[in-house]
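*Asks:* Below is a structure I'd like to ask you about.
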Amino acid sequence: MKRRVAVLGATGIVGQRFVSLLADHPWFDLVMVTASEKVVGKKYTEAVKWVIEKPMPRKVEELTVEPLDVNRIVEEKIDIVFVALPKEVATTVEPELARKGLVVVSNASNMRLEPDIPLLNPEVNADHIDVVEVQRRNRGWDGFIAKVPNCTTAILTLTLKPLHDEFDIKRVVVASMQSLSGAGLTGVPSMFILDNLIPFIEGEEEKVETESRKILGTLDKDKILMNDKFKVTASCHRVMVLEGHSMAVFVELGRVVDVEEVIKALEEFKDNKIRGMGLPTAPEKPIIVRREPDRPQPRLDRMEGNGMSVVVGRVREDKVLNGVKYFALGHNTIRGAAGTGVLIAELIVKKNLV
Ligand SMILES: NC(=O)c1ccc[n+]([C@@H]2O[C@H](COP(=O)([O-])OP(=O)(O)OC[C@H]3O[C@@H](n4cnc5c(N)ncnc54)[C@H](OP(=O)(O)O)[C@@H]3O)[C@@H](O)[C@H]2O)c1
């Protein structure tokens with residue numbers, strides 16, 4: 001039986017990705033879309049400025065845009081709500097939805113660090129989903145909230161997980177080059193970014209530095225503990241790329257390693273926590289390593305694994321940090337947002353939590 005799902009904020013850039021990924025999904029039936037008051041009551045096709053490279057799915061063209069009204073969502077007997085709303089809006093609506101029994105899978109950054117809220121990058125920490133039972137008890141909710149990590153953090157932590165498992169990470173230094181779509185549909189005016197880059201993204205560095213340690217943390221019996229074995233320092237920058245966040249990553253490791261050993265650990269990724277579960281959105285290879293000196297590149301490599309794989313290149317020894325350095329690329333609105341959201345929902349279904 002297909003689960004009935006809704007996308008809140010369906011006209012935005014992440015919302016459009018959700019719509020595109022959910023329209024023909026084998027486990028989910030997309031029956032409801034919401035947006036802001038100015039387009040409520042319009043057909044989806046009239047309300048949205050479609051920017052996804054694939055055509056708008058026929059099935060959603062005729063959906064009417066609904067208001068962001070918790071009671072309406074409950075009336076529609078929705079099972080899972082995908083949230084692609086600004087943080088300020090999500091902060092009030094998400095707890096209401098969970099209280100009324102809905103499963104909320106959210107991209108907004110509110111509550112990401114709370115110890116009873118799972119912050120999931122499924123290949124890395126699918127086991128953290130079990131904290132939702134504690135969350136329900138703590139908060140008296142029938143439903144629950146699961147969070148998608150910050151986009152840069154989702155891409156980074158996928159590459160860190162096999163390295164931490166096998167070589168014991170001590171320190172991570174990361175410099176990101178983040179695409180325009182990461183700032184939302186109307187995020188960065190062309191006058192500010194053409195022929196330019198912007199060396200600041202508000203709040204981003206703190207998110208990368210803290211969320212990485214929660215994702216690579218452990219589930220104690222009633223909370224998720226941050227990993228205190230390593231630290232991350234980040235510098236985040238907006239560049240003139242449409243989709244795909246790139247990053248230069250420098251990692252200090254607990255022991256001396258050979259570069260080939262590191263490549264093997266990334267390619268094999270032994271402790272992939274969802275391997276064999278049969279989740280439709282899980283890529284066959286979560287990490288792809290390229291050996292050419294000039295790859296990965298956003299335009300050429302961001303759609304690997306239907307946008308769900310992270311592509312790593314230029315893996316080499318770092319003699320200053322006694323570890324390795326590499327370049328990583330991931331699709332920010334798929335791996336870093338809607339794709340991971342759908343993968344989380346698939347995990348929730350597989351675990352019979354909805
Ligand atoms: N872009 C990324 O790569 C990315 C990655 C990870 C996480 N996120 C997070 O995902 C969320 C969505 O980001 P985005 O980039 O998709 O933003 P966006 O393009 O600006 O879209 C925002 C969506 O929220 C709706 N909305 C705004 N204010 C509303 C209100 N008061 N009531 C009801 N609906 C409202 C908008 O509707 P209208 O179109 O009608 O205004 C639109 O559908 C944010 O929390 C963001 O931080 C984004």
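We name chains A, B, ... following the order of the structure tokens; residues begin at 1 in each chain, and ligands are numbered from 1 as shown.
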Distance table requested - chain A against ligand 1, cut-off 7 Å, only C-alpha atoms and all ligand atoms: one row per qualifying residue with the closest atom pair and its distance in Å to one decimal, ordered by chain and rising residue number, as CSV.

*Replies:*
residue,atom,partner,partner_atom_place_in_ligand_line,distance
A:Leu8,CA,ligand 1,34 (N),6.9
A:Gly9,CA,ligand 1,43 (O),3.2
A:Ala10,CA,ligand 1,43 (O),4.6
A:Thr11,CA,ligand 1,43 (O),3.7
A:Gly12,CA,ligand 1,21 (O),3.2
A:Ile13,CA,ligand 1,16 (O),3.9
A:Val14,CA,ligand 1,16 (O),3.7
A:Gly15,CA,ligand 1,16 (O),5.5
A:Thr34,CA,ligand 1,34 (N),6.7
A:Ala35,CA,ligand 1,37 (O),4.0
A:Ser36,CA,ligand 1,34 (N),3.7
A:Glu37,CA,ligand 1,40 (O),6.5
A:Lys38,CA,ligand 1,40 (O),6.1
A:Val39,CA,ligand 1,40 (O),5.7
A:Val48,CA,ligand 1,39 (O),6.9
A:Leu68,CA,ligand 1,33 (C),5.4
A:Ala84,CA,ligand 1,12 (C),4.0
A:Leu85,CA,ligand 1,24 (O),4.0
A:Pro86,CA,ligand 1,45 (O),3.8
A:Lys87,CA,ligand 1,45 (O),4.6
A:Val89,CA,ligand 1,31 (N),5.8
A:Asn107,CA,ligand 1,10 (O),4.5
A:Ala108,CA,ligand 1,45 (O),3.5
A:Ser109,CA,ligand 1,45 (O),6.0
A:Asn150,CA,ligand 1,6 (C),5.1
A:Cys151,CA,ligand 1,6 (C),4.6
A:Ser181,CA,ligand 1,1 (N),5.2
A:Gly182,CA,ligand 1,3 (O),3.4
A:Ala183,CA,ligand 1,1 (N),5.3
A:Gly184,CA,ligand 1,15 (O),3.1
A:Leu185,CA,ligand 1,19 (O),3.8
A:Thr186,CA,ligand 1,20 (O),6.3
A:Gly187,CA,ligand 1,20 (O),6.9
A:Asn332,CA,ligand 1,3 (O),4.8
A:Thr333,CA,ligand 1,3 (O),4.4
A:Gly336,CA,ligand 1,5 (C),5.5
A:Ala337,CA,ligand 1,6 (C),4.5

*Asks:* Where in region 36-166 of chain A does DSSP assign helix (DSSP H, G or I), given as a PyMOL selection string?

*Replies:* chain A and resi 37-39+44-47+58-61+70-75+87-99+122-139+151-166

*Asks:* Quick one, how far is CA of Gly307 (chain A) from CA of Ala338 (chain A)?

*Replies:*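 Value for the CA of Gly307 (chain A)-CA of Ala338 (chain A) distance: 10.3 Å.
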
*Asks:* Find the distance between CA of Val103 (chain A) and CA of His331 (chain A) and write it in Å to one decimal.

*Replies:*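 So the answer is 25.1 Å.
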
*Asks:* Would you please work out which residue, of A:Val148, A:Phe18, A:Pro26, A:Val51, is nearest to Leu113 (chain A) when using only C-alpha atoms?

*Replies:*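 Of A:Val148, A:Phe18, A:Pro26, A:Val51, the one nearest Leu113 (chain A), counting only C-alpha atoms, is A:Val148.
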
*Asks:* When you look at Asp168 (chain A) with a cut-off of 10 Å (counting only C-alpha atoms), what residues show up, excluding the ones that are within fewer than 5 positions of it in the same chain? I need them as a PyMOL selection string.

*Replies:* chain A and resi 160-163+229-230+252-255

*Asks:* Could you please write out, as a list in words, every residue of region 236-275 of chain A that DSSP assigns to strand (DSSP E)?

*Replies:* Cys236, His237, Arg238, His245, Ser246, Met247, Ala248, Val249, Phe250, Val251, Glu252 and Leu253 of chain A

*Asks:* Restricted to N, CA, C and O atoms, what would the selected residues look like written as a compact mmCIF listing (two decimals), in the first residue's frame?

*Replies:*
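Produced file selection04.txt, reproduced below:
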# COMPACT_ATOMS: atom_id res chain seq x y z
N CYS A 236 33.05 28.46 4.26
CA CYS A 236 32.04 28.19 3.23
C CYS A 236 31.88 29.38 2.29
O CYS A 236 31.80 30.53 2.74
N HIS A 237 31.75 29.08 0.99
CA HIS A 237 31.75 30.13 -0.04
C HIS A 237 30.73 29.85 -1.12
O HIS A 237 30.54 28.69 -1.50
N ARG A 238 30.09 30.90 -1.61
CA ARG A 238 29.09 30.75 -2.69
C ARG A 238 29.79 31.01 -4.02
O ARG A 238 30.50 32.02 -4.16
N HIS A 245 27.49 21.10 -4.78
CA HIS A 245 28.43 21.70 -3.83
C HIS A 245 29.75 20.93 -3.92
O HIS A 245 29.77 19.69 -3.85
N SER A 246 30.84 21.68 -4.03
CA SER A 246 32.17 21.08 -4.07
C SER A 246 32.90 21.46 -2.79
O SER A 246 32.58 22.48 -2.16
N MET A 247 33.88 20.65 -2.42
CA MET A 247 34.65 21.00 -1.22
C MET A 247 36.05 20.40 -1.27
O MET A 247 36.25 19.29 -1.77
N ALA A 248 37.02 21.18 -0.76
CA ALA A 248 38.37 20.68 -0.56
C ALA A 248 38.45 20.24 0.90
O ALA A 248 38.12 21.02 1.80
N VAL A 249 38.82 18.98 1.11
CA VAL A 249 38.76 18.40 2.46
C VAL A 249 40.17 17.94 2.86
O VAL A 249 40.85 17.27 2.08
N PHE A 250 40.56 18.30 4.07
CA PHE A 250 41.88 17.93 4.60
C PHE A 250 41.63 17.21 5.93
O PHE A 250 40.99 17.75 6.82
N VAL A 251 42.13 15.97 6.04
CA VAL A 251 41.78 15.14 7.19
C VAL A 251 43.03 14.63 7.90
O VAL A 251 43.89 13.98 7.28
N GLU A 252 43.12 14.91 9.19
CA GLU A 252 44.20 14.32 10.01
C GLU A 252 43.71 12.96 10.50
O GLU A 252 42.60 12.85 11.04
N LEU A 253 44.53 11.94 10.32
CA LEU A 253 44.11 10.59 10.69
C LEU A 253 44.92 10.07 11.88
O LEU A 253 46.03 10.55 12.15

*Asks:* Just want the 12 Å neighbourhood of Asp165 (chain A), counted on only C-alpha atoms, with same-chain residues fewer than 6 positions away dropped. Output as a JSON list (two decimals) with all heavy atoms, in the first residue's frame.

*Replies:*
[["chain", "number", "residue", "atom", "x", "y", "z"],
["A", 124, "VAL", "N", 25.16, 6.53, 6.59],
["A", 124, "VAL", "CA", 26.10, 6.80, 7.68],
["A", 124, "VAL", "C", 25.52, 6.43, 9.04],
["A", 124, "VAL", "O", 26.19, 5.80, 9.87],
["A", 124, "VAL", "CB", 26.48, 8.31, 7.68],
["A", 124, "VAL", "CG1", 27.41, 8.64, 8.84],
["A", 124, "VAL", "CG2", 27.10, 8.69, 6.35],
["A", 157, "THR", "N", 29.90, 14.29, 5.26],
["A", 157, "THR", "CA", 29.91, 13.17, 6.22],
["A", 157, "THR", "C", 29.86, 11.81, 5.53],
["A", 157, "THR", "O", 30.37, 10.83, 6.07],
["A", 157, "THR", "CB", 28.74, 13.27, 7.23],
["A", 157, "THR", "OG1", 27.51, 13.45, 6.52],
["A", 157, "THR", "CG2", 28.96, 14.42, 8.19],
["A", 158, "LEU", "N", 29.30, 11.78, 4.33],
["A", 158, "LEU", "CA", 29.32, 10.51, 3.60],
["A", 158, "LEU", "C", 30.77, 10.10, 3.32],
["A", 158, "LEU", "O", 31.12, 8.92, 3.42],
["A", 158, "LEU", "CB", 28.52, 10.67, 2.30],
["A", 158, "LEU", "CG", 28.09, 9.42, 1.57],
["A", 158, "LEU", "CD1", 27.34, 8.46, 2.48],
["A", 158, "LEU", "CD2", 27.20, 9.79, 0.39],
["A", 159, "THR", "N", 31.62, 11.07, 3.01],
["A", 159, "THR", "CA", 33.04, 10.74, 2.74],
["A", 159, "THR", "C", 33.82, 10.51, 4.03],
["A", 159, "THR", "O", 34.78, 9.74, 4.04],
["A", 159, "THR", "CB", 33.74, 11.85, 1.92],
["A", 159, "THR", "OG1", 33.89, 13.03, 2.74],
["A", 159, "THR", "CG2", 32.97, 12.20, 0.68],
["A", 216, "LEU", "N", 28.01, 11.63, 12.92],
["A", 216, "LEU", "CA", 29.00, 10.57, 13.20],
["A", 216, "LEU", "C", 29.03, 10.22, 14.70],
["A", 216, "LEU", "O", 29.94, 9.54, 15.17],
["A", 216, "LEU", "CB", 30.38, 10.99, 12.72],
["A", 216, "LEU", "CG", 30.52, 10.98, 11.20],
["A", 216, "LEU", "CD1", 31.74, 11.75, 10.73],
["A", 216, "LEU", "CD2", 30.58, 9.57, 10.66],
["A", 217, "GLY", "N", 28.03, 10.67, 15.42],
["A", 217, "GLY", "CA", 27.91, 10.35, 16.84],
["A", 217, "GLY", "C", 27.22, 9.00, 17.05],
["A", 217, "GLY", "O", 26.99, 8.26, 16.09],
["A", 229, "LYS", "N", 35.48, 12.69, 19.38],
["A", 229, "LYS", "CA", 36.83, 12.21, 19.04],
["A", 229, "LYS", "C", 37.51, 13.07, 17.98],
["A", 229, "LYS", "O", 38.71, 12.98, 17.77],
["A", 229, "LYS", "CB", 36.74, 10.77, 18.52],
["A", 229, "LYS", "CG", 36.19, 9.78, 19.55],
["A", 229, "LYS", "CD", 36.91, 8.45, 19.45],
["A", 229, "LYS", "CE", 36.55, 7.52, 20.56],
["A", 229, "LYS", "NZ", 35.26, 6.84, 20.33],
["A", 253, "LEU", "N", 44.53, 11.94, 10.32],
["A", 253, "LEU", "CA", 44.11, 10.59, 10.69],
["A", 253, "LEU", "C", 44.92, 10.07, 11.88],
["A", 253, "LEU", "O", 46.03, 10.55, 12.15],
["A", 253, "LEU", "CB", 44.28, 9.64, 9.50],
["A", 253, "LEU", "CG", 43.42, 10.00, 8.27],
["A", 253, "LEU", "CD1", 43.82, 9.14, 7.07],
["A", 253, "LEU", "CD2", 41.93, 9.84, 8.57],
["A", 254, "GLY", "N", 44.37, 9.07, 12.55],
["A", 254, "GLY", "CA", 45.01, 8.53, 13.75],
["A", 254, "GLY", "C", 46.21, 7.65, 13.47],
["A", 254, "GLY", "O", 46.96, 7.32, 14.37],
["A", 262, "VAL", "N", 43.14, 4.36, 1.45],
["A", 262, "VAL", "CA", 42.04, 5.33, 1.64],
["A", 262, "VAL", "C", 41.04, 5.20, 0.49],
["A", 262, "VAL", "O", 39.83, 5.16, 0.71],
["A", 262, "VAL", "CB", 42.61, 6.77, 1.72],
["A", 262, "VAL", "CG1", 41.49, 7.80, 1.70],
["A", 262, "VAL", "CG2", 43.47, 6.92, 2.96],
["A", 265, "ALA", "N", 38.96, 2.16, 1.02],
["A", 265, "ALA", "CA", 37.96, 2.35, 2.09],
["A", 265, "ALA", "C", 36.77, 3.16, 1.58],
["A", 265, "ALA", "O", 35.62, 2.88, 1.89],
["A", 265, "ALA", "CB", 38.60, 3.04, 3.28],
["A", 266, "LEU", "N", 37.05, 4.21, 0.78],
["A", 266, "LEU", "CA", 35.96, 5.03, 0.24],
["A", 266, "LEU", "C", 35.12, 4.23, -0.74],
["A", 266, "LEU", "O", 33.88, 4.25, -0.67],
["A", 266, "LEU", "CB", 36.53, 6.27, -0.46],
["A", 266, "LEU", "CG", 37.17, 7.34, 0.44],
["A", 266, "LEU", "CD1", 38.01, 8.30, -0.39],
["A", 266, "LEU", "CD2", 36.10, 8.12, 1.21],
["A", 269, "PHE", "N", 33.34, 1.20, 1.29],
["A", 269, "PHE", "CA", 32.47, 1.74, 2.32],
["A", 269, "PHE", "C", 31.75, 0.60, 3.07],
["A", 269, "PHE", "O", 30.55, 0.38, 2.94],
["A", 269, "PHE", "CB", 31.47, 2.72, 1.71],
["A", 269, "PHE", "CG", 30.62, 3.46, 2.71],
["A", 269, "PHE", "CD1", 30.94, 3.51, 4.06],
["A", 269, "PHE", "CD2", 29.48, 4.13, 2.29],
["A", 269, "PHE", "CE1", 30.15, 4.20, 4.97],
["A", 269, "PHE", "CE2", 28.68, 4.83, 3.19],
["A", 269, "PHE", "CZ", 29.02, 4.85, 4.52],
["A", 270, "LYS", "N", 32.53, -0.10, 3.90],
["A", 270, "LYS", "CA", 32.05, -1.36, 4.48],
["A", 270, "LYS", "C", 30.83, -1.23, 5.40],
["A", 270, "LYS", "O", 29.95, -2.06, 5.40],
["A", 270, "LYS", "CB", 33.20, -2.01, 5.26],
["A", 270, "LYS", "CG", 34.33, -2.47, 4.35],
["A", 270, "LYS", "CD", 35.14, -3.56, 5.02],
["A", 270, "LYS", "CE", 36.25, -4.07, 4.13],
["A", 270, "LYS", "NZ", 37.52, -3.40, 4.32],
["A", 271, "ASP", "N", 30.79, -0.18, 6.24],
["A", 271, "ASP", "CA", 29.69, -0.09, 7.21],
["A", 271, "ASP", "C", 28.53, 0.78, 6.67],
["A", 271, "ASP", "O", 27.97, 1.60, 7.38],
["A", 271, "ASP", "CB", 30.23, 0.47, 8.54],
["A", 271, "ASP", "CG", 29.16, 0.42, 9.63],
["A", 271, "ASP", "OD1", 28.26, -0.44, 9.54],
["A", 271, "ASP", "OD2", 29.22, 1.24, 10.56],
["A", 272, "ASN", "N", 28.19, 0.59, 5.42],
["A", 272, "ASN", "CA", 27.03, 1.28, 4.84],
["A", 272, "ASN", "C", 25.77, 0.72, 5.49],
["A", 272, "ASN", "O", 25.38, -0.41, 5.27],
["A", 272, "ASN", "CB", 27.02, 1.03, 3.33],
["A", 272, "ASN", "CG", 25.79, 1.59, 2.66],
["A", 272, "ASN", "OD1", 24.85, 2.04, 3.31],
["A", 272, "ASN", "ND2", 25.79, 1.56, 1.34]]
